[in-house]
>>> print(open('model-v1.csv').read())   # CSV, C-alpha atoms and all ligand atoms
chain,number,residue,atom,x,y,z
I,15,MET,CA,5.8,21.3,-49.5
I,16,LYS,CA,7.3,23.9,-51.9
I,17,ILE,CA,5.9,27.4,-51.9
I,18,LEU,CA,6.9,29.6,-54.8
I,19,LEU,CA,6.9,33.4,-54.3
I,20,ALA,CA,6.9,34.8,-57.9
I,21,THR,CA,6.9,38.6,-58.1
I,22,GLU,CA,7.7,40.4,-61.3
I,23,LYS,CA,7.8,43.5,-59.0
I,24,ALA,CA,9.7,42.3,-55.9
I,25,PHE,CA,8.5,42.8,-52.4
I,26,ALA,CA,10.9,44.6,-50.0
I,27,PRO,CA,13.5,42.2,-48.5
I,28,VAL,CA,12.1,42.7,-45.0
I,29,ALA,CA,8.8,41.4,-46.2
I,30,VAL,CA,10.3,38.4,-47.9
I,31,SER,CA,12.3,37.4,-44.7
I,32,SER,CA,9.1,37.7,-42.6
I,33,MET,CA,7.3,35.5,-45.1
I,34,ARG,CA,10.2,33.0,-45.0
I,35,GLU,CA,9.9,32.8,-41.2
I,36,VAL,CA,6.2,31.9,-41.5
I,37,ILE,CA,6.8,29.3,-44.2
I,38,ASP,CA,10.0,27.8,-42.6
I,39,SER,CA,8.3,27.4,-39.2
I,40,ALA,CA,5.5,25.4,-40.8
I,41,GLY,CA,8.2,23.0,-42.2
I,42,PHE,CA,7.6,24.1,-45.8
I,43,LYS,CA,10.2,25.5,-48.3
I,44,LEU,CA,10.1,28.9,-49.8
I,45,ASP,CA,11.5,29.4,-53.3
I,46,LEU,CA,11.9,32.9,-54.9
I,47,LEU,CA,11.4,34.1,-58.4
I,48,GLU,CA,11.8,37.8,-58.2
I,49,ASN,CA,12.0,40.6,-60.9
I,50,TYR,CA,11.6,38.0,-63.7
I,51,LYS,CA,11.2,39.3,-67.2
I,52,ASN,CA,9.2,36.7,-69.1
I,53,LYS,CA,6.4,34.2,-68.5
I,54,GLU,CA,8.7,31.3,-69.4
I,55,ASP,CA,10.6,31.9,-66.2
I,56,LEU,CA,7.4,31.6,-64.2
I,57,ILE,CA,6.2,28.5,-66.1
I,58,ALA,CA,9.5,26.8,-65.3
I,59,ALA,CA,9.6,27.8,-61.7
I,60,VAL,CA,6.0,26.8,-60.9
I,61,ALA,CA,6.3,23.3,-62.4
I,62,ASP,CA,7.0,21.6,-59.0
I,63,ALA,CA,5.4,24.1,-56.7
I,64,ASP,CA,2.5,23.0,-54.3
I,65,GLY,CA,1.6,26.6,-53.5
I,66,LEU,CA,2.1,29.9,-55.3
I,67,ILE,CA,2.2,33.5,-54.0
I,68,VAL,CA,2.0,36.3,-56.6
I,69,ARG,CA,1.3,40.1,-56.9
I,70,SER,CA,0.0,41.4,-60.2
I,71,ASP,CA,1.8,38.5,-62.0
I,72,LEU,CA,-0.3,36.8,-64.6
I,73,VAL,CA,-1.5,33.4,-63.5
I,74,THR,CA,-2.9,32.2,-66.8
I,75,LYS,CA,-4.3,28.8,-68.0
I,76,GLU,CA,-0.8,28.2,-69.5
I,77,VAL,CA,0.8,28.6,-66.1
I,78,LEU,CA,-1.8,26.4,-64.4
I,79,ASP,CA,-1.4,23.7,-67.1
I,80,THR,CA,2.3,23.4,-66.2
I,81,ALA,CA,1.8,23.5,-62.5
I,82,SER,CA,0.7,19.9,-62.0
I,83,ARG,CA,1.3,19.8,-58.2
I,84,LEU,CA,-0.3,23.2,-57.5
I,85,LYS,CA,-3.1,23.3,-54.9
I,86,ILE,CA,-3.3,26.9,-54.1
I,87,VAL,CA,-2.5,30.4,-55.5
I,88,ILE,CA,-2.6,33.5,-53.4
I,89,ARG,CA,-2.7,37.0,-54.8
I,90,ALA,CA,-0.8,38.9,-52.1
I,91,GLY,CA,-3.0,42.0,-52.5
I,92,ALA,CA,-6.6,42.9,-53.3
I,93,GLY,CA,-7.4,42.8,-57.0
I,94,TYR,CA,-7.2,39.3,-58.5
I,95,ASP,CA,-8.0,40.2,-62.1
I,96,ASN,CA,-4.5,38.9,-63.0
I,97,ILE,CA,-5.5,35.3,-62.1
I,98,ASP,CA,-7.5,33.1,-64.4
I,99,ILE,CA,-10.1,32.1,-61.8
I,100,GLU,CA,-12.0,29.7,-64.1
I,101,SER,CA,-8.9,27.9,-64.9
I,102,CYS,CA,-8.0,27.6,-61.2
I,103,THR,CA,-11.4,26.0,-60.6
I,104,ALA,CA,-11.0,23.7,-63.6
I,105,HIS,CA,-7.5,22.7,-62.3
I,106,LYS,CA,-8.9,22.2,-58.7
I,107,VAL,CA,-6.6,25.0,-57.5
I,108,VAL,CA,-7.8,27.2,-54.6
I,109,ALA,CA,-7.4,30.9,-55.4
I,110,MET,CA,-7.3,33.5,-52.6
I,111,ASN,CA,-6.5,37.2,-52.1
I,112,THR,CA,-5.4,39.2,-49.0
I,113,PRO,CA,-8.1,41.9,-48.9
I,114,GLY,CA,-7.3,45.2,-47.1
I,115,GLN,CA,-3.6,44.3,-46.3
I,116,ASN,CA,-2.1,46.9,-48.6
I,117,ALA,CA,-5.0,49.4,-48.6
I,118,ASN,CA,-3.3,52.1,-46.5
I,119,ALA,CA,-0.4,52.4,-48.9
I,120,VAL,CA,-2.8,52.9,-51.8
I,121,ALA,CA,-4.9,55.5,-50.0
I,122,GLU,CA,-1.8,57.4,-49.1
I,123,LEU,CA,-0.7,57.4,-52.7
I,124,VAL,CA,-4.0,59.1,-53.7
I,125,PHE,CA,-3.0,62.1,-51.6
I,126,ALA,CA,0.6,62.0,-52.6
I,127,MET,CA,-0.4,62.3,-56.2
I,128,MET,CA,-3.1,65.0,-55.5
I,129,LEU,CA,-0.7,67.2,-53.5
I,130,TYR,CA,2.1,66.9,-56.0
I,131,GLN,CA,-0.2,67.9,-58.8
I,132,ILE,CA,-2.0,70.8,-57.1
I,133,ARG,CA,1.4,72.2,-56.0
I,134,GLY,CA,2.5,72.2,-59.6
I,135,GLY,CA,5.1,69.5,-59.0
I,136,PHE,CA,6.9,71.9,-56.5
I,137,ASN,CA,7.9,74.2,-59.4
I,138,GLY,CA,8.2,77.4,-57.4
I,139,LYS,CA,4.9,78.8,-58.5
I,140,SER,CA,1.7,79.2,-56.4
I,141,GLY,CA,-0.4,76.1,-56.3
I,142,SER,CA,-3.6,75.3,-54.5
I,143,GLU,CA,-4.8,73.4,-51.3
I,144,LEU,CA,-7.1,70.4,-50.6
I,145,ARG,CA,-8.8,72.0,-47.6
I,146,GLY,CA,-12.5,72.8,-48.3
I,147,LYS,CA,-12.5,71.0,-51.7
I,148,SER,CA,-14.9,68.2,-52.5
I,149,ILE,CA,-13.8,64.6,-53.1
I,150,GLY,CA,-15.9,61.8,-54.4
I,151,ILE,CA,-14.9,58.2,-53.6
I,152,HIS,CA,-16.2,55.8,-56.3
I,153,ALA,CA,-16.4,52.4,-54.5
I,154,PHE,CA,-16.2,52.2,-50.8
I,155,GLY,CA,-14.0,49.1,-50.0
I,156,HIS,CA,-10.9,48.9,-47.9
I,157,VAL,CA,-9.1,51.7,-49.8
I,158,GLY,CA,-12.1,53.9,-50.2
I,159,LYS,CA,-12.7,53.9,-46.5
I,160,LEU,CA,-9.1,55.0,-45.8
I,161,VAL,CA,-9.3,57.7,-48.5
I,162,ALA,CA,-12.4,59.0,-46.7
I,163,GLU,CA,-10.6,59.2,-43.3
I,164,ILE,CA,-7.6,60.9,-44.7
I,165,ALA,CA,-9.7,63.3,-46.8
I,166,LYS,CA,-11.6,64.3,-43.6
I,167,GLY,CA,-8.2,65.0,-42.0
I,168,PHE,CA,-7.5,67.5,-44.8
I,169,SER,CA,-11.0,69.1,-44.1
I,170,MET,CA,-12.3,68.1,-47.5
I,171,TYR,CA,-16.0,67.6,-48.2
I,172,VAL,CA,-16.3,63.9,-48.7
I,173,TYR,CA,-18.8,62.0,-50.8
I,174,ALA,CA,-19.1,58.3,-51.7
I,175,TYR,CA,-20.9,56.2,-54.2
I,176,ASP,CA,-21.1,52.4,-53.9
I,177,PRO,CA,-24.2,50.5,-54.8
I,178,PHE,CA,-22.9,47.3,-53.1
I,179,VAL,CA,-22.3,48.8,-49.7
I,180,PRO,CA,-25.3,49.7,-47.4
I,181,GLU,CA,-25.8,53.4,-47.0
I,182,THR,CA,-25.7,53.1,-43.2
I,183,ASP,CA,-22.2,51.5,-43.4
I,184,ILE,CA,-20.9,54.5,-45.4
I,185,ARG,CA,-22.6,57.1,-43.2
I,186,LYS,CA,-20.7,55.7,-40.2
I,187,TYR,CA,-17.7,57.4,-41.7
I,188,GLY,CA,-19.3,60.8,-41.3
I,189,ILE,CA,-19.5,61.4,-45.1
I,190,LYS,CA,-22.3,61.9,-47.6
I,191,VAL,CA,-23.6,59.0,-49.5
I,192,LEU,CA,-24.9,59.5,-53.1
I,193,LYS,CA,-27.3,57.1,-54.7
I,194,ARG,CA,-26.2,57.8,-58.3
I,195,ALA,CA,-22.7,58.0,-59.6
I,196,GLU,CA,-23.7,61.0,-61.9
I,197,GLU,CA,-24.7,63.0,-58.8
I,198,MET,CA,-21.3,62.5,-57.3
I,199,TYR,CA,-19.4,63.4,-60.4
I,200,ARG,CA,-21.5,66.6,-60.8
I,201,ILE,CA,-20.5,67.7,-57.3
I,202,CYS,CA,-16.9,66.7,-56.8
I,203,HIS,CA,-13.8,68.5,-58.1
I,204,PHE,CA,-11.8,65.4,-57.2
I,205,ILE,CA,-12.9,61.9,-57.9
I,206,SER,CA,-10.9,58.9,-56.6
I,207,LEU,CA,-11.6,55.5,-58.2
I,208,HIS,CA,-11.5,52.3,-56.1
I,209,LEU,CA,-13.5,49.8,-58.2
I,210,PRO,CA,-12.2,46.3,-58.8
I,211,TYR,CA,-11.6,45.4,-62.4
I,212,ASN,CA,-13.9,42.6,-63.8
I,213,SER,CA,-16.2,42.1,-66.7
I,214,ALA,CA,-18.8,44.4,-65.2
I,215,THR,CA,-16.4,47.4,-64.5
I,216,ARG,CA,-14.4,47.2,-67.8
I,217,GLN,CA,-14.2,50.8,-69.2
I,218,ILE,CA,-17.1,51.8,-66.9
I,219,ILE,CA,-15.6,55.3,-66.3
I,220,GLY,CA,-15.9,57.3,-69.6
I,221,TYR,CA,-17.1,60.4,-71.2
I,222,ASP,CA,-20.6,60.5,-69.6
I,223,LEU,CA,-19.3,60.5,-66.1
I,224,ILE,CA,-16.0,62.5,-66.4
I,225,SER,CA,-17.6,65.3,-68.5
I,226,LYS,CA,-20.0,66.0,-65.6
I,227,MET,CA,-17.3,67.0,-63.2
I,228,PRO,CA,-17.2,70.7,-62.2
I,229,SER,CA,-14.3,72.9,-63.2
I,230,PRO,CA,-11.5,72.4,-62.3
I,231,ALA,CA,-11.6,68.6,-62.2
I,232,THR,CA,-9.1,66.0,-61.2
I,233,LEU,CA,-9.6,62.2,-61.7
I,234,ILE,CA,-7.4,59.9,-59.6
I,235,ASN,CA,-7.2,56.3,-60.6
I,236,THR,CA,-5.3,54.0,-58.2
I,237,ALA,CA,-7.5,51.0,-59.2
I,238,ARG,CA,-6.9,49.6,-62.7
I,239,LYS,CA,-6.3,51.3,-66.0
I,240,GLU,CA,-8.9,48.9,-67.6
I,241,ILE,CA,-11.8,50.5,-65.8
I,242,ILE,CA,-11.3,53.7,-67.8
I,243,ASP,CA,-12.8,54.1,-71.3
I,244,GLU,CA,-9.7,55.9,-72.7
I,245,ASN,CA,-11.4,57.2,-75.8
I,246,GLY,CA,-14.0,58.9,-73.6
I,247,LEU,CA,-11.3,60.2,-71.3
I,248,LEU,CA,-9.3,61.7,-74.3
I,249,LYS,CA,-12.5,63.3,-75.6
I,250,VAL,CA,-13.1,65.1,-72.4
I,251,PHE,CA,-9.5,66.1,-72.2
I,252,GLU,CA,-9.8,67.7,-75.7
I,253,GLU,CA,-12.9,69.7,-74.6
I,254,ARG,CA,-11.9,70.6,-71.0
I,255,PRO,CA,-8.5,72.2,-70.4
I,256,ASP,CA,-9.3,72.2,-66.7
I,257,LEU,CA,-9.2,68.4,-66.4
I,258,VAL,CA,-6.3,66.5,-64.8
I,259,TYR,CA,-5.8,62.8,-64.7
I,260,LEU,CA,-3.6,61.1,-62.1
I,261,SER,CA,-3.1,57.4,-62.6
I,262,ASP,CA,-1.2,54.5,-61.0
I,263,VAL,CA,-0.4,53.2,-63.8
I,264,GLU,CA,0.2,54.6,-67.3
I,265,PRO,CA,-2.8,54.3,-69.6
I,266,ASP,CA,-2.5,52.7,-73.0
I,267,CYS,CA,-2.9,56.1,-74.6
I,268,LYS,CA,0.0,57.7,-72.7
I,269,ALA,CA,1.7,58.8,-75.9
I,270,VAL,CA,-1.4,61.1,-76.7
I,271,PHE,CA,-1.1,62.6,-73.2
I,272,ALA,CA,2.6,63.2,-73.7
I,273,GLU,CA,2.0,64.9,-77.0
I,274,LYS,CA,-1.1,67.0,-76.2
I,275,PHE,CA,-1.7,67.4,-72.5
I,276,LYS,CA,1.6,68.4,-70.8
I,277,GLY,CA,1.2,69.3,-67.2
I,278,ARG,CA,-2.3,67.8,-66.9
I,279,TYR,CA,-1.4,64.3,-65.9
I,280,LEU,CA,0.8,62.2,-63.7
I,281,PHE,CA,1.4,58.5,-64.4
I,282,THR,CA,3.5,55.9,-62.6
I,283,ALA,CA,5.4,53.6,-64.9
I,284,LYS,CA,5.0,50.6,-62.6
I,285,LYS,CA,2.0,50.3,-60.2
I,286,MET,CA,3.3,52.0,-57.0
I,287,GLY,CA,0.1,52.0,-54.8
I,288,ALA,CA,1.1,49.0,-52.7
I,289,GLN,CA,4.9,49.6,-52.9
I,290,THR,CA,5.7,50.3,-49.3
I,291,GLU,CA,7.6,48.1,-46.9
I,292,GLU,CA,4.5,48.1,-44.6
I,293,ALA,CA,2.1,47.0,-47.4
I,294,ASN,CA,4.6,44.4,-48.6
I,295,ILE,CA,4.9,43.0,-45.1
I,296,ASN,CA,1.2,43.0,-44.4
I,297,ALA,CA,0.1,41.4,-47.8
I,298,GLY,CA,3.1,39.1,-48.0
I,299,VAL,CA,2.9,37.7,-44.4
I,300,ALA,CA,-0.9,37.4,-44.7
I,301,ALA,CA,-0.4,35.4,-47.9
I,302,ALA,CA,2.2,33.1,-46.2
I,303,ARG,CA,-0.1,32.6,-43.2
I,304,GLN,CA,-3.1,31.8,-45.4
I,305,ILE,CA,-1.2,29.2,-47.4
I,306,VAL,CA,0.1,27.5,-44.3
I,307,ASP,CA,-3.4,27.6,-42.7
I,308,TYR,CA,-4.8,26.1,-45.9
I,309,PHE,CA,-2.4,23.2,-46.1
I,310,ILE,CA,-2.5,22.5,-42.3
I,311,ASN,CA,-6.1,23.2,-41.4
I,312,GLY,CA,-7.9,23.4,-44.7
I,313,ASN,CA,-8.9,27.1,-43.9
I,314,GLU,CA,-10.4,28.6,-47.1
I,315,THR,CA,-11.6,31.9,-45.6
I,316,PHE,CA,-10.3,34.2,-48.4
I,317,ARG,CA,-11.1,31.8,-51.2
I,318,VAL,CA,-12.3,33.7,-54.3
I,319,ASN,CA,-13.2,30.8,-56.6
I,320,LYS,CA,-15.9,29.2,-54.5
G,401,LIG,C1,-3.7,45.3,-55.4
G,401,LIG,O1,-4.6,44.9,-56.1
G,401,LIG,O2,-3.5,44.7,-54.3
G,401,LIG,C2,-2.9,46.5,-55.7
G,401,LIG,O3,-3.2,47.0,-57.0
G,401,LIG,C3,-1.4,46.2,-55.6
G,401,LIG,O4,-0.9,45.5,-56.7
G,401,LIG,P1,0.7,45.0,-56.7
G,401,LIG,O5,0.9,44.1,-55.6
G,401,LIG,O6,0.9,44.4,-58.0
G,401,LIG,O7,1.5,46.3,-56.5
>>> encode(input="model-v1.csv", output="C-alpha cells")
Amino acid sequence: MKILLATEKAFAPVAVSSMREVIDSAGFKLDLLENYKNKEDLIAAVADADGLIVRSDLVTKEVLDTASRLKIVIRAGAGYDNIDIESCTAHKVVAMNTPGQNANAVAELVFAMMLYQIRGGFNGKSGSELRGKSIGIHAFGHVGKLVAEIAKGFSMYVYAYDPFVPETDIRKYGIKVLKRAEEMYRICHFISLHLPYNSATRQIIGYDLISKMPSPATLINTARKEIIDENGLLKVFEERPDLVYLSDVEPDCKAVFAEKFKGRYLFTAKKMGAQTEEANINAGVAAARQIVDYFINGNETFRVNK
C-alpha cells in the first residue's frame, strides 16, 4: 500500500518521521513529495498511490483523474476547501480532515499578529495593550475556542458569534454570546475570523460588517482570504484611517495596501497559522493514523464527503 505525503509547504522533519513510523508499522510505504512547485509533479507522484495526505495542496478533478488506485485523501488540517469533494465522491475516494489538530498554533498566531501590530512592530515608540480591550470571535470552532481562552488570559472582554453552535456551549467558556454578527462588530475593537471557506461564506465579511466596528478597529483573518470581500474592505480602509487588517495570508489586493495603507496591515506571504512543529506533528500523525485505520478497519469517522 503506497501512501503519498504531498506538501507544497513541507511539514517539519520531526513530524514526517513520526508519520513514517505510523505508516511503516502498519506495513505500508510512505512516499514524499515536498516543496513541489507545480501541479504536474503532484499528478505524476499520485499516479500509483493508494492513499494521499496533503495540506493546502490542491486536489482537483485533474489530480483525481490520474490517481487510478487512490482510495482515500486526507487533508492534514482543518479547512478542506482545497479538495474537490464532489470529484472525490465521483471517483469513490474517501475524503477526510483532521479537525482541531493544528488549532492551537493558529490561535497563538492571532495573538502574535495582534501584539506585533499594537506594539508598532517593536519600533521604539509607545504602543498599546490588549488588557481591557474587546475581542469578537466570528465562528466558534476549535480555533475560536482557543482564541477565547487565550483572550481571557489577557483580560480582554470576549464575545462570540456563531449561529451553528448552541449558545449554552459558548457560554461554558465564560464569554458573551451575541445573536447577530452586526452586534458583535459594533462592540468589538478586535474581530478575529474563524469561519471555514465554502460557497456560503465566500466574501461574507465586507463593508457592512467591517464599517460597523468602533474606532480604533483591527480585523484579524487567520481563516481564508476568500471569506473577505476585498472591495468592501478597501472601501472601509479609504474611509477609516483607524482600521488595521492582519491576515494570514496576503489578500489579492495586497498591492493596493502596499501603495496606500502603509503601517496599517500585516500579511504573511505563506500561510503560517499551522506552521509549528507541534501542529505539524499533531495534524500529520492524526492523518497517518486515520489512513491506516481506514485501510485496516474501515474507520470513516472524519469523512467529509458522506
Ligand atoms: C487548516 O485549514 O488546517 C489551516 O489553514 C492550515 O493550513 P496549512 O496546513 O496549509 O498550513
>>> residues_near_ligand(input="model-v1.csv", ligand="ligand LIG 401 (chain G)", cutoff="7 Å", atoms="only C-alpha atoms and all ligand atoms", output="list of chain:residue names")
I:Arg69, I:Ser70, I:Ala90, I:Gly91, I:Ala92, I:Gly93, I:Tyr94, I:Asn116, I:Ala237, I:Lys285, I:Met286, I:Gly287, I:Ala288, I:Gln289
>>> closest_residue(input="model-v1.csv", among="I:Met127, I:Val172, I:Val258, I:Ala104", to="Gly146 in chain I", atoms="all atoms listed in the file")
I:Val172
>>> atom_distance(input="model-v1.csv", atom1="CA of Arg238 in chain I", atom2="CA of Ala214 in chain I")
13.2 Å
>>> residues_around(input="model-v1.csv", residues="range 296-307 of chain I", least_positions_apart="3", cutoff="7 Å", atoms="only C-alpha atoms", output="PyMOL selection string")
chain I and resi 29+32-33+36-37+40+67+88+90-91+112+115-116+292-293+310-313
>>> residues_around(input="model-v1.csv", residues="Ile189 in chain I", least_positions_apart="6", cutoff="8 Å", atoms="all atoms listed in the file", output="VMD selection string")
chain I and resid 162 171 to 174
>>> closest_atom_pairs(input="model-v1.csv", of="range 223-260 of chain I", to="range 194-213 of chain I", cutoff="6 Å", atoms="only C-alpha atoms", output="JSON lines")
{"residue": "I:Lys226", "atom": "CA", "partner": "I:Arg200", "partner_atom": "CA", "distance": 5.1}
{"residue": "I:Met227", "atom": "CA", "partner": "I:Arg200", "partner_atom": "CA", "distance": 4.9}
{"residue": "I:Pro228", "atom": "CA", "partner": "I:His203", "partner_atom": "CA", "distance": 5.8}
{"residue": "I:Ala231", "atom": "CA", "partner": "I:His203", "partner_atom": "CA", "distance": 4.7}
{"residue": "I:Thr232", "atom": "CA", "partner": "I:Phe204", "partner_atom": "CA", "distance": 4.9}
{"residue": "I:Leu233", "atom": "CA", "partner": "I:Ile205", "partner_atom": "CA", "distance": 5.0}
{"residue": "I:Ile234", "atom": "CA", "partner": "I:Ser206", "partner_atom": "CA", "distance": 4.7}
{"residue": "I:Asn235", "atom": "CA", "partner": "I:Leu207", "partner_atom": "CA", "distance": 5.1}
{"residue": "I:Ala237", "atom": "CA", "partner": "I:His208", "partner_atom": "CA", "distance": 5.2}
>>> atom_distance(input="model-v1.csv", atom1="CA of Ile99 in chain I", atom2="CA of Leu72 in chain I")
11.2 Å
>>> atom_distance(input="model-v1.csv", atom1="CA of Asp256 in chain I", atom2="CA of Lys166 in chain I")
24.5 Å
>>> closest_residue(input="model-v1.csv", among="I:Thr236, I:Asn319, I:Ser169, I:Gln217", to="Ser261 in chain I", atoms="only C-alpha atoms")
I:Thr236
>>> closest_residue(input="model-v1.csv", among="I:Glu22, I:Glu100, I:Glu122, I:Asp38", to="Asp71 in chain I", atoms="all atoms listed in the file")
I:Glu22
>>> closest_residue(input="model-v1.csv", among="I:Lys23, I:His156, I:Lys186, I:Lys193", to="Ala119 in chain I", atoms="only C-alpha atoms")
I:His156
>>> closest_residue(input="model-v1.csv", among="I:Val179, I:Leu280, I:Val250, I:Ala63", to="Leu84 in chain I", atoms="all atoms listed in the file")
I:Ala63
>>> closest_residue(input="model-v1.csv", among="I:Val60, I:Leu123, I:Leu192, I:Leu18", to="Thr282 in chain I", atoms="all atoms listed in the file")
I:Leu123
>>> residues_near_point(input="model-v1.csv", point="(4.0, 25.7, -59.7)", cutoff="10 Å", atoms="only C-alpha atoms", output="list in words")
Lys16, Ile17, Leu18, Leu19, Ala20, Leu56, Ile57, Ala58, Ala59, Val60, Ala61, Asp62, Ala63, Asp64, Gly65, Leu66, Ile67, Val77, Leu78, Asp79, Thr80, Ala81, Ser82, Arg83, Leu84, Lys85, Ile86 and Val87 of chain I
>>> write_last_selection(input="model-v1.csv", atoms="C-alpha atoms", output="short mmCIF file (atom, residue, chain, number, x, y, z; two decimals), keeping the file's coordinate frame")
data_model
loop_
_atom_site.label_atom_id
_atom_site.label_comp_id
_atom_site.auth_asym_id
_atom_site.auth_seq_id
_atom_site.Cartn_x
_atom_site.Cartn_y
_atom_site.Cartn_z
CA LYS I 16 7.30 23.90 -51.90
CA ILE I 17 5.90 27.40 -51.90
CA LEU I 18 6.90 29.60 -54.80
CA LEU I 19 6.90 33.40 -54.30
CA ALA I 20 6.90 34.80 -57.90
CA LEU I 56 7.40 31.60 -64.20
CA ILE I 57 6.20 28.50 -66.10
CA ALA I 58 9.50 26.80 -65.30
CA ALA I 59 9.60 27.80 -61.70
CA VAL I 60 6.00 26.80 -60.90
CA ALA I 61 6.30 23.30 -62.40
CA ASP I 62 7.00 21.60 -59.00
CA ALA I 63 5.40 24.10 -56.70
CA ASP I 64 2.50 23.00 -54.30
CA GLY I 65 1.60 26.60 -53.50
CA LEU I 66 2.10 29.90 -55.30
CA ILE I 67 2.20 33.50 -54.00
CA VAL I 77 0.80 28.60 -66.10
CA LEU I 78 -1.80 26.40 -64.40
CA ASP I 79 -1.40 23.70 -67.10
CA THR I 80 2.30 23.40 -66.20
CA ALA I 81 1.80 23.50 -62.50
CA SER I 82 0.70 19.90 -62.00
CA ARG I 83 1.30 19.80 -58.20
CA LEU I 84 -0.30 23.20 -57.50
CA LYS I 85 -3.10 23.30 -54.90
CA ILE I 86 -3.30 26.90 -54.10
CA VAL I 87 -2.50 30.40 -55.50
#
>>> residues_around(input="model-v1.csv", residues="Glu252 in chain I", least_positions_apart="2", cutoff="12 Å", atoms="all atoms listed in the file", output="PDB file with C-alpha atoms, keeping the file's coordinate frame")
ATOM      1  CA  TYR I 221     -17.100  60.400 -71.200  1.00  0.00           C
ATOM      2  CA  SER I 225     -17.600  65.300 -68.500  1.00  0.00           C
ATOM      3  CA  ASN I 245     -11.400  57.200 -75.800  1.00  0.00           C
ATOM      4  CA  GLY I 246     -14.000  58.900 -73.600  1.00  0.00           C
ATOM      5  CA  LEU I 247     -11.300  60.200 -71.300  1.00  0.00           C
ATOM      6  CA  LEU I 248      -9.300  61.700 -74.300  1.00  0.00           C
ATOM      7  CA  LYS I 249     -12.500  63.300 -75.600  1.00  0.00           C
ATOM      8  CA  VAL I 250     -13.100  65.100 -72.400  1.00  0.00           C
ATOM      9  CA  ARG I 254     -11.900  70.600 -71.000  1.00  0.00           C
ATOM     10  CA  PRO I 255      -8.500  72.200 -70.400  1.00  0.00           C
ATOM     11  CA  ASP I 256      -9.300  72.200 -66.700  1.00  0.00           C
ATOM     12  CA  LEU I 257      -9.200  68.400 -66.400  1.00  0.00           C
ATOM     13  CA  VAL I 258      -6.300  66.500 -64.800  1.00  0.00           C
ATOM     14  CA  VAL I 270      -1.400  61.100 -76.700  1.00  0.00           C
ATOM     15  CA  PHE I 271      -1.100  62.600 -73.200  1.00  0.00           C
ATOM     16  CA  LYS I 274      -1.100  67.000 -76.200  1.00  0.00           C
ATOM     17  CA  PHE I 275      -1.700  67.400 -72.500  1.00  0.00           C
ATOM     18  CA  ARG I 278      -2.300  67.800 -66.900  1.00  0.00           C
TER      19      ARG I 278
END
